[in-house]
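Asks: Just one file: coords.txt, with compact mmCIF, C-alpha atoms.
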# COMPACT_ATOMS: atom_id res chain seq x y z
CA MET A 230 4.58 24.93 -12.08
CA SER A 231 4.51 21.25 -11.27
CA ARG A 232 1.90 18.81 -12.43
CA PRO A 233 -0.82 17.88 -9.90
CA ARG A 234 -0.39 14.51 -8.20
CA ILE A 235 -2.62 11.67 -9.33
CA ARG A 236 -4.49 10.11 -6.43
CA ARG A 237 -3.84 6.38 -6.33
CA LYS A 238 -6.83 4.07 -6.38
CA VAL A 239 -7.06 1.80 -3.35
CA CYS A 240 -9.58 -1.04 -3.27
CA ARG A 241 -9.73 -1.58 0.46
CA LEU A 242 -8.32 -0.17 3.66
CA PRO A 243 -6.38 -2.44 6.02
CA LYS A 244 -8.44 -4.21 8.68
CA SER A 245 -5.81 -3.24 11.23
CA SER A 246 -3.67 -0.14 11.01
CA LYS A 247 -0.99 -1.00 13.60
CA PHE A 248 1.34 -3.99 13.67
CA GLY A 249 4.34 -4.57 15.82
CA PRO A 250 6.15 -6.43 18.55
CA LEU A 251 4.21 -7.35 21.66
CA ASN A 252 7.12 -6.57 23.97
CA GLN A 253 7.76 -3.01 22.77
CA THR A 254 8.35 -0.45 25.50
CA LYS A 255 9.55 2.58 23.51
CA LYS A 256 6.78 5.00 22.50
CA ASN A 257 8.62 6.62 19.56
CA HIS A 258 9.83 3.38 18.05
CA TYR A 259 7.56 3.19 14.98
CA VAL A 260 7.51 3.51 11.18
CA ASP A 261 4.66 5.04 9.14
CA MET A 262 3.40 3.38 5.97
CA THR A 263 0.87 5.10 3.72
CA VAL A 264 -2.30 3.39 2.53
CA ASP A 265 -1.07 3.37 -1.09
CA GLU A 266 2.15 1.64 0.02
CA TYR A 267 0.02 -0.94 1.82
CA GLU A 268 -2.03 -1.42 -1.38
CA THR A 269 1.07 -2.14 -3.48
CA ILE A 270 2.21 -4.77 -0.96
CA ARG A 271 -1.28 -6.31 -0.99
CA LEU A 272 -1.56 -6.39 -4.78
CA ILE A 273 1.98 -7.54 -5.62
CA ASP A 274 2.87 -9.85 -2.73
CA LEU A 275 -0.53 -11.18 -1.68
CA GLU A 276 -2.63 -11.09 -4.87
CA GLY A 277 0.31 -11.96 -7.17
CA PHE A 278 -0.02 -9.00 -9.55
CA THR A 279 2.97 -7.82 -11.56
CA GLN A 280 4.08 -4.23 -11.13
CA ALA A 281 2.45 -3.39 -14.48
CA GLU A 282 -0.86 -4.96 -13.42
CA CYS A 283 -0.65 -3.17 -10.07
CA ALA A 284 -0.10 0.13 -11.90
CA LEU A 285 -3.23 -0.43 -14.00
CA GLN A 286 -5.20 -1.31 -10.88
CA MET A 287 -4.07 1.82 -9.04
CA ASN A 288 -4.26 4.13 -12.12
CA VAL A 289 -0.62 5.22 -11.94
CA ALA A 290 2.55 4.61 -13.96
CA ARG A 291 4.53 1.40 -13.46
CA THR A 292 7.57 3.41 -12.39
CA THR A 293 5.45 5.04 -9.68
CA VAL A 294 4.38 1.61 -8.43
CA GLN A 295 8.00 0.48 -8.46
CA ARG A 296 9.00 3.44 -6.25
CA ILE A 297 6.03 3.02 -3.89
CA TYR A 298 6.71 -0.72 -3.60
CA ALA A 299 10.41 -0.20 -2.84
CA ASP A 300 9.56 2.32 -0.10
CA ALA A 301 6.96 -0.04 1.39
CA ARG A 302 9.40 -2.98 1.45
CA ILE A 303 11.98 -0.89 3.32
CA LYS A 304 9.36 0.04 5.92
CA LEU A 305 8.30 -3.61 6.31
CA ALA A 306 11.92 -4.63 6.79
CA GLN A 307 12.46 -1.93 9.43
CA SER A 308 9.39 -3.16 11.27
CA LEU A 309 10.45 -6.81 11.19
CA VAL A 310 14.20 -6.49 11.69
CA LYS A 311 14.37 -3.52 14.07
CA GLY A 312 11.18 -4.35 15.96
CA LYS A 313 9.40 -1.12 15.11
CA THR A 314 5.62 -0.75 15.19
CA LEU A 315 4.17 -0.37 11.69
CA ASN A 316 1.51 2.32 11.50
CA ILE A 317 -0.61 2.39 8.29
CA GLU A 318 -2.37 5.68 7.58
CA GLY A 319 -2.49 8.67 5.26
CA GLY A 320 -1.17 9.11 1.77
CA ASP A 321 -2.62 10.50 -1.43
CA TYR A 322 -5.29 7.98 -2.44
CA ARG A 323 -8.93 7.58 -3.37
CA LEU A 324 -11.02 4.66 -2.20
CA CYS A 325 -12.56 2.55 -4.97
CA ASP A 326 -16.34 2.55 -5.29
CA GLY A 327 -16.41 -1.17 -6.23
CA LEU A 328 -18.14 -0.65 -9.59
CA GLU A 329 -15.13 -0.75 -11.90
CA LYS A 330 -14.28 -3.86 -13.94
CA SER A 331 -10.68 -3.86 -12.72
CA CYS A 332 -11.63 -3.34 -9.09
CA GLY A 333 -10.10 -5.50 -6.37
CA CYS A 334 -13.40 -5.32 -4.52
CA GLY A 335 -15.07 -7.60 -7.03
CA GLY A 336 -13.54 -7.38 -10.48
CA CYS A 337 -9.91 -8.36 -10.02
CA ARG A 338 -8.82 -11.85 -10.99
CA LYS A 339 -8.75 -13.17 -7.40
CA HIS A 340 -12.33 -12.07 -6.70
CA ARG A 341 -14.10 -13.00 -9.98
Represent the structure contained in this file as structure tokens.
Replies:
Amino acid sequence: MSRPRIRRKVCRLPKSSKFGPLNQTKKNHYVDMTVDEYETIRLIDLEGFTQAECALQMNVARTTVQRIYADARIKLAQSLVKGKTLNIEGGDYRLCDGLEKSCGCGGCRKHR
């Protein structure tokens, strides 16, 4: 029997959930990114966290963050290079309540 999956902690949902080319005509030309993949991109690339710091923030192992981050970067590249619409939704996550000391909603180093 496998171990139950740990739900990743996400501090905030994206303000927009769809990004893509303005001149797209194909309906099925899209790539799906999960909310936890979006969170790793936000923490590592935008907030400047290391993978270890991101793992602490999301309450998962660093190797899990490394895998999530690699998957997210591939999806971003497909969206940019191949002109696919990026759709952000779903995944196995829990939304932060904003009361934790290491929370990106008020406790992380960028928001202190």
Asks: Looking at A:Leu251, A:Ala299, A:Val260, A:Val289, which one is nearest to Arg237 (chain A), with distances taken over all atoms listed in the file?
Replies: A:Val289
Asks: Show me, as a ChimeraX atom specification, the residues that have an atom within 8 Å of region 281-287 of chain A when counting all atoms listed in the file, minus same-chain residues fewer than 2 positions from it.
Replies: /A:237-239,269,272-273,278-279,289-291,293-294,331-333
Asks: So which one's closest to Leu242 (chain A), A:Glu268, A:Asp261, A:Asp326, A:Asp321? Using only C-alpha atoms, please.
Replies: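 Closest candidate: A:Glu268.
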Asks: Have a look at A:Ser231, A:Thr263, A:Gln307, A:Ser245 and name the one nearest to Tyr322 (chain A); count all atoms listed in the file.
Replies: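 Looking only at the distances to Tyr322 (chain A), the closest residue turns out to be A:Thr263.
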Asks: Between A:Arg323, A:Val264, A:Gln280, A:Ala306, which has the minimum distance to Pro243 (chain A) (counting only C-alpha atoms)?
Replies: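 So, comparing all the options, the nearest one is A:Val264.
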Asks: Using all atoms listed in the file, find the one residue out of A:Asp300, A:Glu318, A:Gly312, A:Thr292 that sits nearest to Asn252 (chain A).
Replies: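 So, comparing all the options, the nearest one is A:Gly312.
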Asks: Taking all atoms listed in the file into account, name the residue in A:Ser308, A:Asp274, A:Gly320, A:Thr314 that is nearest to Arg234 (chain A).
Replies: A:Gly320
Asks: Using only C-alpha atoms - which residues lie no farther than 12 Å from the point (7.0, 2.8, 14.4) in the file's frame? Write them as a list in words.
Replies: Ser246, Lys247, Phe248, Gly249, Pro250, Gln253, Thr254, Lys255, Lys256, Asn257, His258, Tyr259, Val260, Asp261, Met262, Lys304, Leu305, Ala306, Gln307, Ser308, Leu309, Lys311, Gly312, Lys313, Thr314, Leu315, Asn316, Ile317 and Glu318 of chain A
Asks: In Å, with one decimal, what is the gap from CA of Arg271 (chain A) to CA of Pro233 (chain A)?
Replies: 25.8 Å
Asks: Quick one, how far is CA of Arg296 (chain A) from CA of Val310 (chain A)?
Replies: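 Taking CA of Arg296 (chain A) as the start and CA of Val310 (chain A) as the end point, the length is 21.2 Å.
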